[in-house]
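Below is one structure, written out as structure tokens, with a few remarks after it.
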Amino acid sequence: MYPKPFHYHRAGTLEEAARLLDELGEDAKLLAGGQSLIPLMKFRLAAPDHLVDLNFIPELNFVREADSGIAVGALARHAQIGDALAAPQWAPLRDCAWGIADNQVRNRGTLVGSVAEADPSGDWVPVLSTFETRASIVGPAGGRELPLSELVLDAYTTALEPSEVIAEVCVAEPPASSGGAYVAFKRSAQVYASASAAVHLTLQHDACSRARIFLGCVGLTAIHAEQAERELLGQAPDGDGLQKAAEAAAAAADPQSDMRGSADFKRTLIRALVKEAVKRAAARCRGEVVEGGHIYG
Amino acid sequence: MAERVPSVHIEVTVNGKIYRRAVEPRMLLVDFIRDELGLTGTHVGCETSYCGACTVLLDGASVKSCTLFAVQADGAELTTVEGLAKNGELHPLQEAFSECHGLQCGYCTPGLLMSSHFLLSRNPHPSDGEIRKGIAGNLCRCTGYQNILAAVRLAAERLNVKHQQSDRE
């Protein structure tokens, strides 16, 4: 099973990658982890004439503390991110990193590539959306920054120009007394989740003073469940408020029936996943250590 | 586009031996290993990044060699299943798979051995849950996985005893 023949270009710097994309035009694609792109090319769902390989720019391979948060470089692999982010405030990112596919894919695939692909079933965008997340972008004419909400526009569609490259994604330190969780339901390790919920809460005197809830796999992009957030505000993160939040999240979901389940099944999943994510997030707000991770069924 | 594209010269160290070849950019790493180098222990299963039969170590990390181009391995060190046995002696993982009947048809075995090898290199004392998660990227259609689990457990024990002995020496 072979992709269409293509010309291979090895970029030595990000700027060179952007310049190559500019010169080669829209038939050029970037290669980072390749865990989505290469299967797509083998099925010939993607057939670029040129590949610009970022893998020989070792400076892009980092997860580091940045001003009031962390920065994840364009070549940081999922496994590396899971290993690097040991501090409790990054638990939701660890939930996500260790839930993606399997060891082999986590050893290759990148967070930045996943964001740039904007697959509606991708794991990173929902969880990163519950944080303040920005992308630093390099283009042939210079750099710019975009918040995640302005970067991911639609299914497989970002605000990136064809010759722009994401250099890094920066995630801001969450506020004090807060905690989050990412919970996805999947049928096996290798497949995308059927549905997922990302929650981030701040608790004051056992009531939610801040709530961020995003849903994955049930819309063209991650769905911001704003009504669900409002149901939790001022409420304890259990009981009636949680039930209403779960219902509101299910109402906000816009799932499609496919091989991963019917639309009704996915709405039912969303109810349960939001409850579970709120429960884990609240426990983490209180400083408890909660095992995270995807749910397999 | 014209169907001829320039080949790329690469140098790869596989199981300690250096190989230099010119490859077409679209050549997959697994086909490079099997067809160019003749190391047919690495199997092609699903070809779509599900089954893990093609798993090899790239600079110590397990990867699916059907989901990587050979050009990406330029300058890297690969370990394939042929690199596990040393001086005619099977690796403890291979011994344990054999003793515990961790295989039937054997098609998935090279990939499972390499995934287990990666797992034990990162986590020498895995729990059953950690073993299951560690081999989740490898499909076996014969065993039902129970004997594979037993084999990885046994290999972990023996490797840990070996390490303790070499620490004492």
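Residues are referred to by chain and number: the chain letter is A, B, ... according to the order shown in the structure tokens, the number counts from 1 in that chain, and ligands are numbered separately from 1 in the order shown.
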**Request:** Mind checking which residues fall within 8 Å of region 42-58 of chain A, counting only C-alpha atoms, ignoring those fewer than 2 positions away in the same chain, and posting them as a ChimeraX atom specification?
**Result:** /A:1-14,17,20-21,24,27-33,37-40,60-61,75 /B:1,72
Once you count only C-alpha atoms, what closest atom pair and distance in Å to one decimal does each residue of chain B within 7 Å of chain A have, with rows by chain and rising residue number, as a Markdown table?
```
| residue | atom | partner | partner_atom | distance |
| --- | --- | --- | --- | --- |
| B:Glu3 | CA | A:Pro5 | CA | 6.4 |
| B:Val5 | CA | A:His7 | CA | 6.0 |
| B:Pro25 | CA | A:Tyr8 | CA | 6.0 |
| B:Arg26 | CA | A:Pro5 | CA | 6.0 |
| B:Thr48 | CA | A:Pro39 | CA | 6.0 |
| B:Tyr50 | CA | A:Gln190 | CA | 6.0 |
| B:Ala61 | CA | A:Asn107 | CA | 6.4 |
| B:Ser62 | CA | A:Gln104 | CA | 5.1 |
| B:Val63 | CA | A:Gln104 | CA | 4.3 |
| B:Lys64 | CA | A:Gln104 | CA | 6.0 |
| B:Thr67 | CA | A:Ile38 | CA | 5.9 |
| B:Gly134 | CA | A:Asn103 | CA | 6.5 |
| B:Ala136 | CA | A:Asp102 | CA | 5.9 |
| B:Gly137 | CA | A:Asp102 | CA | 4.9 |
```
**Request:** Find the spatial neighbours of Val290 (chain A), counting only C-alpha atoms, within a cut-off of 9 Å - ignore same-chain residues fewer than 5 positions away - and output them as a list in words.
**Result:** Ala91, Arg280, Ala281, Ala283 and Arg284 of chain A
**Prompt:** Which value, in Å to one decimal, gives the distance between CA of Ile18 (chain B) and CA of Leu37 (chain B)?
**Reply:**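 Computing the Euclidean distance for CA of Ile18 (chain B) and CA of Leu37 (chain B) yields 10.7 Å.
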**Request:** Provide the CA of Val56 (chain B) to CA of Gly82 (chain A) distance in Å, to one decimal place.
**Result:**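 We find that CA of Val56 (chain B) and CA of Gly82 (chain A) lie 21.4 Å from each other.
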